[in-house]
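Just protein37.csv here, CSV, C-alpha atoms:
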```
chain,number,residue,atom,x,y,z
A,1,TYR,CA,77.4,50.5,145.7
A,2,PHE,CA,74.6,48.4,147.3
A,3,PHE,CA,75.0,44.9,148.4
A,4,THR,CA,72.3,42.5,149.5
A,5,ALA,CA,73.1,40.8,152.8
A,6,PRO,CA,74.0,37.4,151.3
A,7,THR,CA,76.2,39.0,148.6
A,8,LEU,CA,78.0,41.0,151.2
A,9,PHE,CA,78.4,37.9,153.3
A,10,HIS,CA,79.9,35.8,150.6
A,11,THR,CA,82.2,38.7,149.6
A,12,LEU,CA,83.5,38.8,153.2
A,13,MET,CA,83.9,35.1,153.2
A,14,ARG,CA,86.2,35.3,150.2
A,15,ILE,CA,88.3,38.1,151.7
A,16,VAL,CA,88.8,36.5,155.1
A,17,LYS,CA,88.8,32.8,154.1
A,18,ASN,CA,92.0,32.2,156.1
A,19,ALA,CA,91.1,34.2,159.1
A,20,GLU,CA,89.6,33.0,162.4
A,21,PHE,CA,86.1,34.2,163.4
A,22,SER,CA,84.9,35.1,166.8
A,23,LYS,CA,81.3,35.4,168.0
A,24,ILE,CA,79.9,33.5,165.0
A,25,LYS,CA,81.0,30.1,163.6
A,26,TYR,CA,81.9,29.9,160.0
A,27,ASP,CA,79.9,26.7,159.4
A,28,PHE,CA,76.9,28.2,161.0
A,29,LEU,CA,77.1,31.2,158.7
A,30,LEU,CA,77.4,29.0,155.6
A,31,GLU,CA,74.3,27.1,156.6
A,32,ASN,CA,72.4,30.4,157.3
A,33,SER,CA,73.6,32.6,154.5
A,34,ASN,CA,70.3,34.4,154.3
A,35,MET,CA,70.1,35.3,157.9
A,36,ILE,CA,70.2,38.9,159.1
A,37,GLY,CA,72.6,40.6,161.4
A,38,TYR,CA,75.7,40.5,159.2
A,39,ASN,CA,77.1,43.5,161.2
A,40,ALA,CA,77.6,41.0,164.0
A,41,LEU,CA,80.5,39.4,162.1
A,42,VAL,CA,83.8,40.0,163.8
A,43,VAL,CA,87.0,39.1,162.0
A,44,GLN,CA,90.2,38.5,163.9
A,45,TYR,CA,93.7,37.9,162.7
A,46,GLY,CA,94.3,34.2,162.6
A,47,GLY,CA,97.8,33.6,163.9
A,48,ASN,CA,100.0,32.2,161.1
A,49,LYS,CA,97.0,31.8,158.7
A,50,MET,CA,98.2,34.5,156.3
A,51,ASP,CA,97.4,34.1,152.6
A,52,ASN,CA,100.7,34.4,150.7
A,53,HIS,CA,98.8,35.7,147.7
A,54,CYS,CA,98.1,38.9,149.7
A,55,ILE,CA,100.7,41.6,150.3
A,56,TYR,CA,101.2,42.4,154.0
A,57,ALA,CA,104.7,44.0,154.0
A,58,SER,CA,106.5,46.4,151.7
A,59,VAL,CA,110.1,47.6,151.3
A,60,ASN,CA,108.8,51.0,152.5
A,61,MET,CA,109.8,49.8,155.9
A,62,PHE,CA,113.3,50.8,154.8
A,63,GLY,CA,114.7,54.2,154.1
A,64,SER,CA,116.8,52.8,151.1
A,65,VAL,CA,117.4,49.5,149.4
A,66,GLY,CA,120.4,48.1,147.6
A,67,ALA,CA,120.4,45.1,145.1
A,68,ILE,CA,123.6,43.1,144.4
A,69,GLY,CA,123.5,40.8,141.4
A,70,ASP,CA,124.2,40.1,137.7
A,71,SER,CA,122.5,41.1,134.5
A,72,TYR,CA,119.0,40.2,135.9
A,73,THR,CA,119.6,42.8,138.6
A,74,ALA,CA,121.2,45.3,136.2
A,75,ALA,CA,118.1,44.8,134.0
A,76,SER,CA,120.1,44.2,130.9
A,77,VAL,CA,117.9,44.0,127.7
A,78,GLU,CA,118.4,43.7,124.0
A,79,ASN,CA,116.3,46.5,122.6
A,80,SER,CA,114.4,46.6,119.3
A,81,GLU,CA,117.5,47.9,117.6
A,82,GLY,CA,119.6,44.9,118.8
A,83,LYS,CA,121.6,47.0,121.3
A,84,TRP,CA,122.2,45.8,124.9
A,85,ILE,CA,121.3,48.4,127.5
A,86,ASP,CA,120.4,48.5,131.2
A,87,VAL,CA,116.9,49.7,132.0
A,88,VAL,CA,117.3,51.0,135.5
A,89,ALA,CA,113.7,52.3,136.0
A,90,GLN,CA,112.2,49.0,134.8
A,91,SER,CA,114.6,46.7,136.8
A,92,TRP,CA,112.9,44.4,139.3
A,93,VAL,CA,114.4,46.4,142.2
A,94,GLY,CA,113.4,49.7,140.6
A,95,THR,CA,109.8,48.5,140.2
A,96,LEU,CA,109.8,47.1,143.7
A,97,CYS,CA,111.1,50.3,145.3
A,98,LYS,CA,109.4,52.9,143.1
A,99,ARG,CA,106.0,51.4,144.0
A,100,ALA,CA,106.9,51.7,147.7
A,101,GLY,CA,108.3,55.2,147.2
A,102,VAL,CA,111.8,54.1,148.5
A,103,PRO,CA,115.1,55.1,146.9
A,104,PHE,CA,117.3,52.3,145.7
A,105,SER,CA,120.8,51.5,144.6
A,106,LYS,CA,121.2,48.9,141.8
A,107,TYR,CA,124.5,47.3,142.0
A,108,GLY,CA,124.0,44.8,139.2
A,109,LYS,CA,126.7,43.8,136.8
A,110,GLY,CA,126.0,41.9,133.5
A,111,GLY,CA,127.8,38.6,133.3
A,112,ALA,CA,128.9,38.7,136.9
A,113,THR,CA,129.8,35.6,138.9
A,114,THR,CA,130.3,35.7,142.6
A,115,LYS,CA,134.1,35.8,142.0
A,116,SER,CA,134.1,38.5,139.2
A,117,TYR,CA,131.7,40.6,141.3
A,118,LEU,CA,134.3,41.1,143.9
A,119,ASP,CA,136.7,42.6,141.4
A,120,ASP,CA,134.2,44.5,139.1
A,121,ARG,CA,131.5,45.9,141.3
A,122,MET,CA,132.1,45.4,145.0
A,123,SER,CA,134.0,48.7,145.4
A,124,ASP,CA,130.9,50.5,144.2
A,125,VAL,CA,128.8,49.0,147.0
A,126,LEU,CA,131.4,49.8,149.6
A,127,ASN,CA,132.0,53.4,148.4
A,128,SER,CA,128.3,54.2,148.6
A,129,MET,CA,126.2,55.3,151.6
A,130,PRO,CA,125.0,52.2,153.5
A,131,ASN,CA,121.4,51.1,152.7
A,132,ASP,CA,118.9,49.8,155.2
A,133,ALA,CA,118.4,46.6,153.2
A,134,TYR,CA,120.3,44.6,150.6
A,135,PHE,CA,119.1,41.9,148.2
A,136,PHE,CA,121.7,39.4,147.1
A,137,ALA,CA,120.8,37.9,143.7
A,138,LEU,CA,123.9,36.2,142.2
A,139,GLY,CA,124.4,32.7,140.9
A,140,ILE,CA,123.0,32.5,137.4
A,141,ASN,CA,126.5,32.8,135.7
A,142,ASP,CA,128.2,30.6,138.3
A,143,SER,CA,125.7,27.8,137.6
A,144,ASN,CA,125.7,28.3,133.8
A,145,ARG,CA,129.5,28.0,133.8
A,146,ASP,CA,129.7,25.1,136.4
A,147,LEU,CA,132.1,27.1,138.5
A,148,GLU,CA,133.4,25.4,141.6
A,149,LEU,CA,130.8,25.2,144.3
A,150,GLY,CA,132.8,24.4,147.4
A,151,THR,CA,131.2,23.8,150.8
A,152,ILE,CA,130.0,25.8,153.8
A,153,ASP,CA,133.4,25.3,155.4
A,154,ASP,CA,134.8,27.7,152.8
A,155,ILE,CA,133.3,30.6,154.8
A,156,HIS,CA,135.7,31.8,157.5
A,157,ASP,CA,133.8,34.1,159.9
A,158,ASP,CA,137.0,35.2,161.6
A,159,ASP,CA,138.6,36.5,158.4
A,160,PHE,CA,136.7,36.5,155.0
A,161,THR,CA,140.0,36.9,153.1
A,162,LYS,CA,140.7,33.3,154.0
A,163,ASN,CA,137.7,32.2,151.9
A,164,PRO,CA,138.7,30.2,148.8
A,165,ASP,CA,137.4,31.3,145.4
A,166,THR,CA,134.5,28.9,145.3
A,167,PHE,CA,130.8,29.9,145.1
A,168,TYR,CA,130.5,29.5,148.9
A,169,GLY,CA,133.7,31.3,149.5
A,170,CYS,CA,133.1,34.3,147.2
A,171,TYR,CA,129.5,34.7,148.2
A,172,GLY,CA,130.7,34.7,151.8
A,173,LYS,CA,133.3,37.4,151.0
A,174,ILE,CA,130.5,39.6,149.5
A,175,ILE,CA,128.2,39.2,152.4
A,176,ALA,CA,130.9,39.7,155.0
A,177,GLN,CA,131.9,43.0,153.4
A,178,VAL,CA,128.3,44.3,153.2
A,179,LYS,CA,127.8,43.3,156.9
A,180,ASN,CA,130.9,45.3,157.8
A,181,HIS,CA,129.8,48.2,155.6
A,182,ALA,CA,126.2,48.3,156.9
A,183,PRO,CA,126.1,46.3,160.2
A,184,LYS,CA,122.5,47.1,161.0
A,185,ALA,CA,121.0,46.5,157.5
A,186,ARG,CA,118.6,43.7,156.8
A,187,LEU,CA,119.9,41.3,154.2
A,188,ILE,CA,117.9,39.0,151.9
A,189,MET,CA,119.3,36.3,149.7
A,190,VAL,CA,117.5,35.4,146.4
A,191,LYS,CA,117.8,32.0,144.8
A,192,ILE,CA,118.5,31.9,141.1
A,193,MET,CA,115.8,33.3,138.9
A,194,THR,CA,116.4,31.1,135.8
A,195,ASN,CA,115.3,27.5,135.6
A,196,GLY,CA,117.1,24.3,134.9
A,197,SER,CA,118.8,21.4,136.7
A,198,LYS,CA,122.2,23.0,136.6
A,199,LYS,CA,121.1,25.6,139.2
A,200,LEU,CA,119.9,23.1,141.9
A,201,ASN,CA,123.2,22.7,143.7
A,202,TYR,CA,123.8,26.5,143.7
A,203,ASP,CA,120.3,27.1,145.0
A,204,ASN,CA,121.0,24.7,147.8
A,205,ALA,CA,124.2,26.5,148.5
A,206,ILE,CA,122.4,29.8,148.7
A,207,GLU,CA,120.1,28.3,151.4
A,208,ASP,CA,123.2,27.0,153.2
A,209,ILE,CA,124.8,30.4,153.1
A,210,ALA,CA,121.7,32.2,154.3
A,211,ARG,CA,121.3,29.9,157.2
A,212,HIS,CA,125.0,30.3,158.1
A,213,TYR,CA,124.5,34.0,158.4
A,214,GLY,CA,121.1,33.8,159.9
A,215,ILE,CA,119.4,35.8,157.1
A,216,PRO,CA,116.2,34.9,155.1
A,217,PHE,CA,116.1,33.9,151.5
A,218,ILE,CA,113.6,34.2,148.7
A,219,SER,CA,112.7,31.3,146.3
A,220,PRO,CA,111.5,33.0,143.1
A,221,TYR,CA,109.7,29.8,142.0
A,222,ASP,CA,107.4,30.1,145.0
A,223,ASP,CA,105.6,32.7,142.9
A,224,ASP,CA,103.6,31.4,139.9
A,225,PHE,CA,104.9,34.1,137.6
A,226,PHE,CA,108.3,32.4,137.3
A,227,SER,CA,106.6,29.4,135.8
A,228,SER,CA,104.3,31.4,133.5
A,229,GLU,CA,104.3,31.9,129.8
A,230,ALA,CA,104.8,35.6,130.3
A,231,TYR,CA,108.2,35.0,132.0
A,232,ASN,CA,109.5,32.0,130.1
A,233,ASP,CA,108.3,32.6,126.5
A,234,TYR,CA,109.1,36.3,126.2
A,235,MET,CA,112.9,36.3,126.7
A,236,VAL,CA,115.2,38.0,124.2
A,237,GLY,CA,118.8,36.9,124.2
A,238,GLY,CA,118.2,34.8,127.3
A,239,HIS,CA,117.0,37.8,129.2
A,240,PRO,CA,113.6,39.4,130.1
A,241,THR,CA,112.6,42.5,128.2
A,242,ALA,CA,111.7,45.7,130.1
A,243,MET,CA,108.2,44.3,130.3
A,244,GLY,CA,109.5,41.1,131.9
A,245,TYR,CA,111.7,43.0,134.5
A,246,SER,CA,108.7,45.0,135.5
A,247,MET,CA,106.7,41.8,136.0
A,248,ILE,CA,109.6,40.4,138.0
A,249,GLY,CA,109.4,43.4,140.2
A,250,LEU,CA,105.7,42.7,141.0
A,251,ALA,CA,106.5,39.1,141.7
A,252,MET,CA,109.3,40.1,144.0
A,253,GLU,CA,106.9,42.4,145.8
A,254,ARG,CA,104.8,39.4,146.6
A,255,LEU,CA,107.8,37.3,147.5
A,256,PHE,CA,109.3,39.9,149.8
A,257,SER,CA,106.0,40.2,151.6
A,258,LYS,CA,106.0,36.4,152.2
A,259,CYS,CA,109.7,36.6,153.3
A,260,VAL,CA,108.7,39.2,155.9
A,261,THR,CA,105.7,37.3,157.2
A,262,ASP,CA,107.8,34.1,157.4
A,263,ASN,CA,110.6,36.0,159.3
A,264,LEU,CA,108.8,38.5,161.5
A,265,ASP,CA,111.4,38.6,164.2
A,266,TYR,CA,114.2,39.3,161.7
A,267,PHE,CA,112.3,42.3,160.2
A,268,LYS,CA,110.9,43.7,163.4
A,269,PHE,CA,113.3,46.6,163.5
A,270,SER,CA,114.2,48.1,160.1
A,271,THR,CA,117.2,50.2,161.3
A,272,VAL,CA,119.4,52.4,159.2
A,273,GLY,CA,122.4,50.5,158.1
```
For this file, produce the structure as structure tokens.
Amino acid sequence: YFFTAPTLFHTLMRIVKNAEFSKIKYDFLLENSNMIGYNALVVQYGGNKMDNHCIYASVNMFGSVGAIGDSYTAASVENSEGKWIDVVAQSWVGTLCKRAGVPFSKYGKGGATTKSYLDDRMSDVLNSMPNDAYFFALGINDSNRDLELGTIDDIHDDDFTKNPDTFYGCYGKIIAQVKNHAPKARLIMVKIMTNGSKKLNYDNAIEDIARHYGIPFISPYDDDFFSSEAYNDYMVGGHPTAMGYSMIGLAMERLFSKCVTDNLDYFKFSTVG
């Protein structure tokens, strides 16, 4: 490929629009876009000026990843014959991890609330080999059913069995047990992937819980995909299709990268859990 100097210049400007320049001033370059000597351009990383539309970090920093959640994590779909199945390979965590070449464990359970998860799926998590990282993506069914929210005081760090069966309390029980099971793992909470006013208090609770434990959280609606026609208008039975879950996986790839760049100290060492 051959580029004229001005074409190459403007291409570089688009690529590094959020970077800082040394040696040459950006304004000077704009005013002299037909000048020669483009090889004099030196681009330097600009501190916190990282474009969140770019992907800087991947789950390939981990040896393995686990995902705890409900039917959206299980990738439950109603297929063309009207049967409900879980499409493991096309799940959002499957898409996220396969693209990075990282093995994953999908601990999703259709219809799960934070309370029912403790009885129906938690043993599978604890009986498996520890993962290097875990995503926590519960809350859809708690919010849909208006289950008791509780407060941050429902989390008892000295003994999680004292936690009451509220959203705060049950989520605290889940996280405490994963931390005991995989004490060196990196943990990431995910706010609710569905929309609607009913979820707002539960999303706020997820933030509270994440801050309580000192772990980062992902807000799905920070990515434009979750507000798109492709996500909202192509549901079947209130759930994405395999196409939709695959798209969620790509959105989560972008969101995870943003999560890492926003929490560099937390992810500095990706140690086996």
Task: Residue contacts of Gly69 of chain A (8 Å, all atoms listed in the file) excluding same-chain residues fewer than 6 positions away, as a ChimeraX atom specification - done: /A:107-109,112,136-138
Open item on the list: Between A:Asn131, A:Ser257, A:Asn60, A:Gln177, which residue has the minimum interatomic distance to Leu118 of chain A, considering all atoms listed in the file?
Closed with: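 Nearest to Leu118 of chain A: A:Gln177.
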Task: For atom CA of Lys258 of chain A and atom CA of Arg186 of chain A, the interatomic separation in Å (one decimal) - done: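 Separating atom CA of Lys258 of chain A from atom CA of Arg186 of chain A is a distance of 15.3 Å.
Minimum atom-to-atom distance to Phe217 of chain A, evaluated using only C-alpha atoms, belongs to A:Asp262 out of A:Asp262, A:Asp233, A:Asp157, A:Asp146.
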TODO: May I ask which of the residues A:Thr194, A:Asp222, A:Tyr245, A:Pro216 is the closest one to Asp265 of chain A, counting only C-alpha atoms?
DONE: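 Ranking A:Thr194, A:Asp222, A:Tyr245, A:Pro216 by distance to Asp265 of chain A, first place goes to A:Pro216.
Closest approach to Asn232 of chain A among A:Leu264, A:Asn195, A:Phe104, A:Ser246 is made by A:Asn195 (distances from all atoms listed in the file).
Across A:Tyr221, A:Tyr202, A:Phe267, A:Phe256, the tightest approach to Val93 of chain A is made by A:Phe256 when counting only C-alpha atoms.
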- [ ] State, in Å with one decimal place, the distance from atom CA of Thr241 of chain A to atom CA of Asp124 of chain A.
- [x]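 Separation of atom CA of Thr241 of chain A and atom CA of Asp124 of chain A: 25.6 Å.
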Task: Pairwise distance for atom CA of Met122 of chain A and atom CA of Tyr134 of chain A, rounded to one decimal in Å - done: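 It comes out at 13.1 Å.
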Task: Nearest residue to Ile155 of chain A from the set A:Gly237, A:Gly172, A:Gly139, A:Gly82 (distances using all atoms listed in the file) - done: A:Gly172
Would you list the contacts of Ser128 of chain A as a short mmCIF file (atom, residue, chain, number, x, y, z; two decimals) with C-alpha atoms, in the frame of the given file, taking every protein, DNA or RNA residue within 12 Å and counting all atoms listed in the file, but skipping same-chain residues closer than 6 positions in sequence?
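Output file part.cif is given in full below:
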```
data_model
loop_
_atom_site.label_atom_id
_atom_site.label_comp_id
_atom_site.auth_asym_id
_atom_site.auth_seq_id
_atom_site.Cartn_x
_atom_site.Cartn_y
_atom_site.Cartn_z
CA SER A 64 116.80 52.80 151.10
CA VAL A 65 117.40 49.50 149.40
CA GLY A 66 120.40 48.10 147.60
CA PHE A 104 117.30 52.30 145.70
CA SER A 105 120.80 51.50 144.60
CA LYS A 106 121.20 48.90 141.80
CA TYR A 107 124.50 47.30 142.00
CA ARG A 121 131.50 45.90 141.30
CA MET A 122 132.10 45.40 145.00
CA VAL A 178 128.30 44.30 153.20
CA HIS A 181 129.80 48.20 155.60
CA ALA A 182 126.20 48.30 156.90
CA GLY A 273 122.40 50.50 158.10
#
```
Around (109.2, 48.1, 143.7) in the file's own coordinates, what residues are found within 12 Å if you use all atoms listed in the file, given back as a tab-separated table (two decimals) with C-alpha atoms, keeping the file's coordinate frame?
```
chain	number	residue	atom	x	y	z
A	57	ALA	CA	104.70	44.00	154.00
A	58	SER	CA	106.50	46.40	151.70
A	59	VAL	CA	110.10	47.60	151.30
A	60	ASN	CA	108.80	51.00	152.50
A	64	SER	CA	116.80	52.80	151.10
A	65	VAL	CA	117.40	49.50	149.40
A	66	GLY	CA	120.40	48.10	147.60
A	67	ALA	CA	120.40	45.10	145.10
A	88	VAL	CA	117.30	51.00	135.50
A	89	ALA	CA	113.70	52.30	136.00
A	90	GLN	CA	112.20	49.00	134.80
A	91	SER	CA	114.60	46.70	136.80
A	92	TRP	CA	112.90	44.40	139.30
A	93	VAL	CA	114.40	46.40	142.20
A	94	GLY	CA	113.40	49.70	140.60
A	95	THR	CA	109.80	48.50	140.20
A	96	LEU	CA	109.80	47.10	143.70
A	97	CYS	CA	111.10	50.30	145.30
A	98	LYS	CA	109.40	52.90	143.10
A	99	ARG	CA	106.00	51.40	144.00
A	100	ALA	CA	106.90	51.70	147.70
A	101	GLY	CA	108.30	55.20	147.20
A	102	VAL	CA	111.80	54.10	148.50
A	103	PRO	CA	115.10	55.10	146.90
A	104	PHE	CA	117.30	52.30	145.70
A	245	TYR	CA	111.70	43.00	134.50
A	246	SER	CA	108.70	45.00	135.50
A	247	MET	CA	106.70	41.80	136.00
A	248	ILE	CA	109.60	40.40	138.00
A	249	GLY	CA	109.40	43.40	140.20
A	250	LEU	CA	105.70	42.70	141.00
A	251	ALA	CA	106.50	39.10	141.70
A	252	MET	CA	109.30	40.10	144.00
A	253	GLU	CA	106.90	42.40	145.80
A	254	ARG	CA	104.80	39.40	146.60
A	255	LEU	CA	107.80	37.30	147.50
A	256	PHE	CA	109.30	39.90	149.80
A	257	SER	CA	106.00	40.20	151.60
```
